[in-house]
Amino acid sequence: MRKIVVIGAGISGLTAAIYAQRSGFDVTLCEQNSTAGGMCATWKRKNYLFEGSIHCPGSNPNTALYQLWKETGALNDAVKIYLPDIFCAVEWEGQVINLYREIGKTFEHLRSISPADEKHLRRLVKDVKAFSHLQMPIFDIKGVKTQNPRRITFNFLYKMLQVLPGLGRLHNISNKKYVEKFVHPGIQKLFRIIPDDYSSISLIATLSTWNMGDGGFPEGGSLEMIDKMVKTFENLGGKILLKTKVKKVNIENGTVTGVDLANETLAADAVIVTQETKAAVEQLFDTPLNDAWLTTLCEKTESVVCTFIGVGVRAEISQMPIPKWELEEPVTYAGRMITEISFNNYFGQKGYAPEGCTTLTTSFTGDTYNFWKKAKVEGRYEEEKSKLADQIRCVICQKYPQAEGNIEVIDIATPLTYERYTGAYHGSWMSITGLGKKMRTYPGFLKNISGLYFAGHRLMTPGGLPIALYTGFKAAQMICRQYNMVFK
């Protein structure tokens with residue numbers, strides 16, 4: 001039985017390991033941390049559970065992604081999916097403006113608030129409904145033998161044709177420009193769930209995902225999803241080594257021979273690298289890898305990083321969703337100014353907080369890596385985190401007086417935190433597809449090195465959980481193709 005080593009037990013690594021083990025390989029999965037999950041992580045502080053990752057594209061059983069989640073054990077028909085009627089909201093001059101899951105309900109709600117915006121709202125609805133035909137293409141790679149073939153179909157191509165006109169029109173329109181077509185300032189604010197400089201395709205794709213009943217929150221969150229995937233792998237006979245950092249991938253005469261750990265070498269016929277690709281290329285190889293696609297990935301791909309904040313409150317904050325609101329005083333950190341804020345609220349969800357208590361989370365997206373790195377070097381790291389925590393405490397207590405004196409924990413994960421726990425370049429968890437630029441897909445294998453494969457969110461822009469899942473699937477198929485094994 002041929003031996004495979006998978007580096008990293010995030011979504012990509014677990015997916016690749018499960019499919020490879022099921023297809024007849026002897027798989028060892030190496031993870032540097034004490035738990036699996038990678039970027040799809042949940043952690044506990046003082047009895048409060050902070051969900052660092054998940055909403056789940058592919059939670060709709062009618063999607064191709066759902067089939068992958070099901071085959072890896074992450075989801076099944078018994079798992080409850082939380083699909084709120086209202087996904088997000090904003091406050092505007094004393095009024096709460098909602099973004100509903102169903103686009104038709106959103107249209108009626110927003111038209112009643114601003115009749116002057118009816119024309120552009122109808123355009124939005126048309127775009128969202130067109131994109132609802134779009135699914136992530138999940139098909140077998142060329143040349144692989146499969147137990148249950150996934151082939152491109154006429155129906156898929158037909159649905160894609162319905163989306164292409166919208167793709168072409170929206171590709172060069174920024175979200176800022178698209179949103180500013182609305183007259184009502186509150187409606188503009190509502191649709192700024194996507195950064196201004198992103199393509200408006202990101203907004204329409206997000207709304208269409210919700211409209212088709214996808215992108216829900218699985219009961220138990222990422223903690224239970226990861227646990228199910230680990231159990232699936234182990235029940236297949238796979239071996240997972242936690243607290244095991246791979247130091248180097250060994251290559252002899254253009255062929256992978258295994259990996260070096262701290263105190264031993266694992267022999268392998270193939271290695272799948274699922275650590276964030278840019279960091280892995282810099283850290284895991286004695287000599288530079290010179291394939292053109294890797295060079296492009298490392299030089300051209302822009303990173304998305306964030307500062308994540310989890311809050312535990314010994315009081316009930318039952319408002320769901322919590323509308324985004326303008327701050328009386330801005331939150332400042334890393335030379336940035338936050339003038340409005342919202343929180344994810346896990347009140348009432350099993351396991352996230354003690355009874356009668358509330359878990360809140362928020363994140364500030366933006367590349368503040370250098371700020372936090374300098375603060376670390378200069379010994380100001382904890383001080384800067386404390387300053388930010390104090391501001392967050394004031395923000396919550398001003399909004400919810402019952403929180404005054406009852407905030408038990410504020411936990412801040414900076415880009416350095418993500419870098420330390422995942423090995424990702426600058427702690428990045430997604431990529432940016434610049435306005436007017438093509439979405440990139442990288443091959444995940446090298447022409448001049450046999451047995452070396454890559455998976456993870458970097459392999460397709462913009463990244464995220466679906467890409468992590470799909471590229472793990474593809475990496476296992478590539479190994480099956482190399483060794484003429486049937487992919488199961």
# chains A, B, ... in the order shown; residues from 1 in each chain; ligands from 1
>>> select_by_dssp(residues="range 167-339 of chain A", states="strand (DSSP E)", output="MDAnalysis selection string")
chainID A and resid 217:218 239:241 248:252 255:260 265:267 270:273 302:304 306:313 325:333 336:339
>>> residues_around(residues="Cys357 in chain A", least_positions_apart="3", cutoff="6 Å", atoms="only C-alpha atoms", output="PyMOL selection string")
chain A and resi 313-316+353-354
>>> atom_distance(atom1="CA of Gly258 in chain A", atom2="CA of Tyr421 in chain A")
23.3 Å
>>> closest_residue(among="A:Val271, A:Ala468, A:Ile240, A:Ala78", to="Thr35 in chain A", atoms="only C-alpha atoms")
A:Ile240
>>> closest_atom_pairs(of="range 296-378 of chain A", to="range 84-90 of chain A", cutoff="8 Å", atoms="only C-alpha atoms", output="CSV")
residue,atom,partner,partner_atom,distance
A:Pro321,CA,A:Cys88,CA,5.9
A:Ile322,CA,A:Ala89,CA,7.0
A:Pro323,CA,A:Val90,CA,4.4
A:Lys324,CA,A:Val90,CA,4.4
A:Trp325,CA,A:Val90,CA,6.1
>>> write_last_selection(atoms="all heavy atoms", output="PDB file, in the first residue's frame")
ATOM      1  N   PRO A 321     -30.524  39.523  14.264  1.00  0.00           N
ATOM      2  CA  PRO A 321     -29.109  39.868  14.314  1.00  0.00           C
ATOM      3  C   PRO A 321     -28.904  41.230  14.958  1.00  0.00           C
ATOM      4  O   PRO A 321     -29.829  42.035  15.044  1.00  0.00           O
ATOM      5  CB  PRO A 321     -28.710  39.905  12.833  1.00  0.00           C
ATOM      6  CG  PRO A 321     -29.959  40.354  12.141  1.00  0.00           C
ATOM      7  CD  PRO A 321     -31.090  39.706  12.906  1.00  0.00           C
ATOM      8  N   ILE A 322     -27.696  41.475  15.407  1.00  0.00           N
ATOM      9  CA  ILE A 322     -27.369  42.796  15.932  1.00  0.00           C
ATOM     10  C   ILE A 322     -27.117  43.721  14.744  1.00  0.00           C
ATOM     11  O   ILE A 322     -26.219  43.455  13.939  1.00  0.00           O
ATOM     12  CB  ILE A 322     -26.126  42.739  16.842  1.00  0.00           C
ATOM     13  CG1 ILE A 322     -26.460  41.945  18.116  1.00  0.00           C
ATOM     14  CG2 ILE A 322     -25.644  44.140  17.187  1.00  0.00           C
ATOM     15  CD1 ILE A 322     -25.293  41.766  19.052  1.00  0.00           C
ATOM     16  N   PRO A 323     -27.905  44.775  14.594  1.00  0.00           N
ATOM     17  CA  PRO A 323     -27.705  45.657  13.435  1.00  0.00           C
ATOM     18  C   PRO A 323     -26.376  46.408  13.528  1.00  0.00           C
ATOM     19  O   PRO A 323     -25.917  46.755  14.623  1.00  0.00           O
ATOM     20  CB  PRO A 323     -28.882  46.635  13.528  1.00  0.00           C
ATOM     21  CG  PRO A 323     -29.837  46.028  14.497  1.00  0.00           C
ATOM     22  CD  PRO A 323     -29.024  45.207  15.434  1.00  0.00           C
ATOM     23  N   LYS A 324     -25.780  46.637  12.380  1.00  0.00           N
ATOM     24  CA  LYS A 324     -24.590  47.495  12.343  1.00  0.00           C
ATOM     25  C   LYS A 324     -25.008  48.909  12.739  1.00  0.00           C
ATOM     26  O   LYS A 324     -26.035  49.406  12.290  1.00  0.00           O
ATOM     27  CB  LYS A 324     -23.978  47.498  10.941  1.00  0.00           C
ATOM     28  CG  LYS A 324     -22.714  48.360  10.821  1.00  0.00           C
ATOM     29  CD  LYS A 324     -22.217  48.400   9.390  1.00  0.00           C
ATOM     30  CE  LYS A 324     -21.653  47.064   8.966  1.00  0.00           C
ATOM     31  NZ  LYS A 324     -21.034  47.143   7.618  1.00  0.00           N
ATOM     32  N   TRP A 325     -24.205  49.545  13.588  1.00  0.00           N
ATOM     33  CA  TRP A 325     -24.562  50.896  14.014  1.00  0.00           C
ATOM     34  C   TRP A 325     -23.337  51.814  13.995  1.00  0.00           C
ATOM     35  O   TRP A 325     -22.197  51.354  14.075  1.00  0.00           O
ATOM     36  CB  TRP A 325     -25.221  50.892  15.392  1.00  0.00           C
ATOM     37  CG  TRP A 325     -24.310  50.697  16.572  1.00  0.00           C
ATOM     38  CD1 TRP A 325     -23.729  51.678  17.336  1.00  0.00           C
ATOM     39  CD2 TRP A 325     -23.882  49.450  17.155  1.00  0.00           C
ATOM     40  NE1 TRP A 325     -22.980  51.125  18.342  1.00  0.00           N
ATOM     41  CE2 TRP A 325     -23.058  49.768  18.261  1.00  0.00           C
ATOM     42  CE3 TRP A 325     -24.113  48.107  16.855  1.00  0.00           C
ATOM     43  CZ2 TRP A 325     -22.464  48.780  19.059  1.00  0.00           C
ATOM     44  CZ3 TRP A 325     -23.519  47.126  17.645  1.00  0.00           C
ATOM     45  CH2 TRP A 325     -22.710  47.463  18.727  1.00  0.00           C
TER      46      TRP A 325
END
>>> residues_around(residues="range 126-134 of chain A", least_positions_apart="6", cutoff="6 Å", atoms="only C-alpha atoms", output="VMD selection string")
chain A and resid 159 163 204 208
>>> residues_around(residues="range 358-371 of chain A", least_positions_apart="6", cutoff="7 Å", atoms="only C-alpha atoms", output="PyMOL selection string")
chain A and resi 48+304-317+334+342-347+352+415-416+426
>>> residues_around(residues="Phe473 in chain A", least_positions_apart="5", cutoff="8 Å", atoms="only C-alpha atoms", output="PyMOL selection string")
chain A and resi 12+15-16+19
>>> residues_around(residues="Gly215 in chain A", least_positions_apart="2", cutoff="9 Å", atoms="only C-alpha atoms", output="PDB file with N, CA, C and O atoms, in the first residue's frame")
ATOM      1  N   HIS A  55     -19.593  30.192   8.303  1.00  0.00           N
ATOM      2  CA  HIS A  55     -20.898  29.934   7.733  1.00  0.00           C
ATOM      3  C   HIS A  55     -20.551  28.938   6.641  1.00  0.00           C
ATOM      4  O   HIS A  55     -19.399  28.805   6.267  1.00  0.00           O
ATOM      5  N   CYS A  56     -21.470  28.231   6.132  1.00  0.00           N
ATOM      6  CA  CYS A  56     -21.104  27.042   5.371  1.00  0.00           C
ATOM      7  C   CYS A  56     -21.685  27.018   3.966  1.00  0.00           C
ATOM      8  O   CYS A  56     -22.766  26.448   3.760  1.00  0.00           O
ATOM      9  N   PRO A  57     -21.023  27.601   2.980  1.00  0.00           N
ATOM     10  CA  PRO A  57     -21.448  27.403   1.595  1.00  0.00           C
ATOM     11  C   PRO A  57     -21.452  25.908   1.266  1.00  0.00           C
ATOM     12  O   PRO A  57     -20.492  25.202   1.556  1.00  0.00           O
ATOM     13  N   GLY A  58     -22.542  25.459   0.683  1.00  0.00           N
ATOM     14  CA  GLY A  58     -22.680  24.031   0.427  1.00  0.00           C
ATOM     15  C   GLY A  58     -23.545  23.341   1.462  1.00  0.00           C
ATOM     16  O   GLY A  58     -23.633  22.116   1.490  1.00  0.00           O
ATOM     17  N   SER A  59     -24.212  24.116   2.315  1.00  0.00           N
ATOM     18  CA  SER A  59     -25.086  23.511   3.321  1.00  0.00           C
ATOM     19  C   SER A  59     -26.434  23.116   2.737  1.00  0.00           C
ATOM     20  O   SER A  59     -27.201  22.401   3.376  1.00  0.00           O
ATOM     21  N   ASN A  60     -26.739  23.578   1.536  1.00  0.00           N
ATOM     22  CA  ASN A  60     -27.969  23.193   0.837  1.00  0.00           C
ATOM     23  C   ASN A  60     -27.761  21.830   0.177  1.00  0.00           C
ATOM     24  O   ASN A  60     -26.860  21.661  -0.656  1.00  0.00           O
ATOM     25  N   LEU A  83     -30.643  28.726   9.224  1.00  0.00           N
ATOM     26  CA  LEU A  83     -30.794  29.680   8.130  1.00  0.00           C
ATOM     27  C   LEU A  83     -31.718  30.799   8.602  1.00  0.00           C
ATOM     28  O   LEU A  83     -32.945  30.692   8.503  1.00  0.00           O
ATOM     29  N   THR A 206     -23.011  36.554  -2.972  1.00  0.00           N
ATOM     30  CA  THR A 206     -23.371  36.331  -1.577  1.00  0.00           C
ATOM     31  C   THR A 206     -24.882  36.320  -1.395  1.00  0.00           C
ATOM     32  O   THR A 206     -25.445  35.419  -0.752  1.00  0.00           O
ATOM     33  N   THR A 209     -26.443  33.188  -2.876  1.00  0.00           N
ATOM     34  CA  THR A 209     -26.221  32.013  -2.021  1.00  0.00           C
ATOM     35  C   THR A 209     -27.279  31.942  -0.937  1.00  0.00           C
ATOM     36  O   THR A 209     -27.887  30.890  -0.697  1.00  0.00           O
ATOM     37  N   TRP A 210     -27.523  33.069  -0.282  1.00  0.00           N
ATOM     38  CA  TRP A 210     -28.558  33.085   0.756  1.00  0.00           C
ATOM     39  C   TRP A 210     -29.933  32.816   0.166  1.00  0.00           C
ATOM     40  O   TRP A 210     -30.737  32.087   0.745  1.00  0.00           O
ATOM     41  N   MET A 212     -30.870  31.069  -2.292  1.00  0.00           N
ATOM     42  CA  MET A 212     -31.129  29.674  -2.638  1.00  0.00           C
ATOM     43  C   MET A 212     -31.086  28.754  -1.414  1.00  0.00           C
ATOM     44  O   MET A 212     -31.078  27.529  -1.530  1.00  0.00           O
ATOM     45  N   GLY A 213     -31.077  29.371  -0.208  1.00  0.00           N
ATOM     46  CA  GLY A 213     -31.113  28.572   1.015  1.00  0.00           C
ATOM     47  C   GLY A 213     -29.803  27.915   1.338  1.00  0.00           C
ATOM     48  O   GLY A 213     -29.748  26.856   1.977  1.00  0.00           O
ATOM     49  N   PHE A 217     -25.635  28.075   8.905  1.00  0.00           N
ATOM     50  CA  PHE A 217     -24.727  27.779  10.018  1.00  0.00           C
ATOM     51  C   PHE A 217     -25.082  26.415  10.581  1.00  0.00           C
ATOM     52  O   PHE A 217     -26.162  26.233  11.139  1.00  0.00           O
TER      53      PHE A 217
END
>>> residues_around(residues="Leu266 in chain A", least_positions_apart="5", cutoff="10 Å", atoms="only C-alpha atoms", output="ChimeraX atom specification")
/A:3-5,28,246,249-250,257-261
>>> write_last_selection(atoms="all heavy atoms", output="PDB file, in the first residue's frame")
ATOM      1  N   LYS A   3       2.240   4.979   0.531  1.00  0.00           N
ATOM      2  CA  LYS A   3       2.132   5.870   1.678  1.00  0.00           C
ATOM      3  C   LYS A   3       2.020   7.329   1.222  1.00  0.00           C
ATOM      4  O   LYS A   3       2.778   7.775   0.364  1.00  0.00           O
ATOM      5  CB  LYS A   3       3.345   5.712   2.603  1.00  0.00           C
ATOM      6  CG  LYS A   3       3.442   4.322   3.244  1.00  0.00           C
ATOM      7  CD  LYS A   3       4.630   4.249   4.181  1.00  0.00           C
ATOM      8  CE  LYS A   3       4.754   2.864   4.808  1.00  0.00           C
ATOM      9  NZ  LYS A   3       3.590   2.548   5.668  1.00  0.00           N
ATOM     10  N   ILE A   4       1.078   8.036   1.836  1.00  0.00           N
ATOM     11  CA  ILE A   4       0.854   9.449   1.552  1.00  0.00           C
ATOM     12  C   ILE A   4       0.989  10.237   2.849  1.00  0.00           C
ATOM     13  O   ILE A   4       0.467   9.827   3.891  1.00  0.00           O
ATOM     14  CB  ILE A   4      -0.556   9.682   0.971  1.00  0.00           C
ATOM     15  CG1 ILE A   4      -0.843   8.749  -0.208  1.00  0.00           C
ATOM     16  CG2 ILE A   4      -0.732  11.148   0.581  1.00  0.00           C
ATOM     17  CD1 ILE A   4       0.063   8.934  -1.391  1.00  0.00           C
ATOM     18  N   VAL A   5       1.677  11.356   2.794  1.00  0.00           N
ATOM     19  CA  VAL A   5       1.716  12.289   3.922  1.00  0.00           C
ATOM     20  C   VAL A   5       0.978  13.553   3.515  1.00  0.00           C
ATOM     21  O   VAL A   5       1.231  14.112   2.437  1.00  0.00           O
ATOM     22  CB  VAL A   5       3.160  12.638   4.347  1.00  0.00           C
ATOM     23  CG1 VAL A   5       3.158  13.791   5.353  1.00  0.00           C
ATOM     24  CG2 VAL A   5       3.844  11.417   4.949  1.00  0.00           C
ATOM     25  N   THR A  28      -0.959   9.408   6.351  1.00  0.00           N
ATOM     26  CA  THR A  28      -0.606  10.024   7.631  1.00  0.00           C
ATOM     27  C   THR A  28      -0.807  11.527   7.505  1.00  0.00           C
ATOM     28  O   THR A  28      -0.269  12.156   6.587  1.00  0.00           O
ATOM     29  CB  THR A  28       0.850   9.730   8.016  1.00  0.00           C
ATOM     30  OG1 THR A  28       1.041   8.315   8.119  1.00  0.00           O
ATOM     31  CG2 THR A  28       1.196  10.381   9.354  1.00  0.00           C
ATOM     32  N   VAL A 246       5.872  19.569  10.319  1.00  0.00           N
ATOM     33  CA  VAL A 246       6.756  19.119   9.242  1.00  0.00           C
ATOM     34  C   VAL A 246       7.805  20.194   8.996  1.00  0.00           C
ATOM     35  O   VAL A 246       7.481  21.360   8.783  1.00  0.00           O
ATOM     36  CB  VAL A 246       5.968  18.831   7.956  1.00  0.00           C
ATOM     37  CG1 VAL A 246       6.909  18.543   6.794  1.00  0.00           C
ATOM     38  CG2 VAL A 246       5.005  17.657   8.170  1.00  0.00           C
ATOM     39  N   VAL A 249      10.026  18.969   3.200  1.00  0.00           N
ATOM     40  CA  VAL A 249       9.621  17.934   2.245  1.00  0.00           C
ATOM     41  C   VAL A 249      10.873  17.454   1.529  1.00  0.00           C
ATOM     42  O   VAL A 249      11.634  18.262   0.974  1.00  0.00           O
ATOM     43  CB  VAL A 249       8.603  18.478   1.231  1.00  0.00           C
ATOM     44  CG1 VAL A 249       8.255  17.415   0.188  1.00  0.00           C
ATOM     45  CG2 VAL A 249       7.338  18.955   1.943  1.00  0.00           C
ATOM     46  N   ASN A 250      11.114  16.160   1.551  1.00  0.00           N
ATOM     47  CA  ASN A 250      12.319  15.602   0.945  1.00  0.00           C
ATOM     48  C   ASN A 250      12.075  15.225  -0.512  1.00  0.00           C
ATOM     49  O   ASN A 250      11.087  14.556  -0.839  1.00  0.00           O
ATOM     50  CB  ASN A 250      12.770  14.359   1.720  1.00  0.00           C
ATOM     51  CG  ASN A 250      13.169  14.693   3.145  1.00  0.00           C
ATOM     52  OD1 ASN A 250      13.809  15.718   3.382  1.00  0.00           O
ATOM     53  ND2 ASN A 250      12.795  13.858   4.096  1.00  0.00           N
ATOM     54  N   THR A 257      10.220  11.845  -1.601  1.00  0.00           N
ATOM     55  CA  THR A 257      10.540  10.624  -0.854  1.00  0.00           C
ATOM     56  C   THR A 257       9.965  10.626   0.560  1.00  0.00           C
ATOM     57  O   THR A 257       9.986   9.602   1.227  1.00  0.00           O
ATOM     58  CB  THR A 257      12.065  10.425  -0.758  1.00  0.00           C
ATOM     59  OG1 THR A 257      12.654  11.553  -0.069  1.00  0.00           O
ATOM     60  CG2 THR A 257      12.683  10.286  -2.143  1.00  0.00           C
ATOM     61  N   GLY A 258       9.480  11.784   1.022  1.00  0.00           N
ATOM     62  CA  GLY A 258       8.920  11.833   2.365  1.00  0.00           C
ATOM     63  C   GLY A 258       9.072  13.207   2.983  1.00  0.00           C
ATOM     64  O   GLY A 258       9.312  14.206   2.280  1.00  0.00           O
ATOM     65  N   VAL A 259       8.963  13.253   4.307  1.00  0.00           N
ATOM     66  CA  VAL A 259       9.076  14.527   5.025  1.00  0.00           C
ATOM     67  C   VAL A 259       9.923  14.338   6.275  1.00  0.00           C
ATOM     68  O   VAL A 259       9.980  13.240   6.848  1.00  0.00           O
ATOM     69  CB  VAL A 259       7.690  15.081   5.422  1.00  0.00           C
ATOM     70  CG1 VAL A 259       6.819  15.320   4.195  1.00  0.00           C
ATOM     71  CG2 VAL A 259       6.976  14.175   6.415  1.00  0.00           C
ATOM     72  N   ASP A 260      10.570  15.421   6.691  1.00  0.00           N
ATOM     73  CA  ASP A 260      11.305  15.442   7.953  1.00  0.00           C
ATOM     74  C   ASP A 260      10.454  16.086   9.034  1.00  0.00           C
ATOM     75  O   ASP A 260       9.910  17.187   8.845  1.00  0.00           O
ATOM     76  CB  ASP A 260      12.604  16.237   7.813  1.00  0.00           C
ATOM     77  CG  ASP A 260      13.681  15.483   7.059  1.00  0.00           C
ATOM     78  OD1 ASP A 260      13.509  14.261   6.854  1.00  0.00           O
ATOM     79  OD2 ASP A 260      14.683  16.116   6.676  1.00  0.00           O
ATOM     80  N   LEU A 261      10.338  15.391  10.180  1.00  0.00           N
ATOM     81  CA  LEU A 261       9.720  15.960  11.364  1.00  0.00           C
ATOM     82  C   LEU A 261      10.827  16.411  12.308  1.00  0.00           C
ATOM     83  O   LEU A 261      12.003  16.409  11.935  1.00  0.00           O
ATOM     84  CB  LEU A 261       8.817  14.920  12.040  1.00  0.00           C
ATOM     85  CG  LEU A 261       7.792  14.221  11.135  1.00  0.00           C
ATOM     86  CD1 LEU A 261       6.972  13.221  11.937  1.00  0.00           C
ATOM     87  CD2 LEU A 261       6.892  15.237  10.465  1.00  0.00           C
TER      88      LEU A 261
END
>>> atom_distance(atom1="CA of Glu384 in chain A", atom2="CA of Lys278 in chain A")
27.9 Å
>>> select_by_dssp(residues="range 348-409 of chain A", states="alpha helix (DSSP H)", output="number ranges by chain")
A: 369-377, 381-399
>>> atom_distance(atom1="CA of Glu408 in chain A", atom2="CA of Ser53 in chain A")
22.0 Å
>>> closest_residue(among="A:Gly168, A:Gly37, A:Gly143, A:Gly463", to="Lys228 in chain A", atoms="only C-alpha atoms")
A:Gly37
>>> closest_residue(among="A:Glu264, A:Glu419, A:Asp227, A:Glu383", to="Tyr333 in chain A", atoms="only C-alpha atoms")
A:Glu383
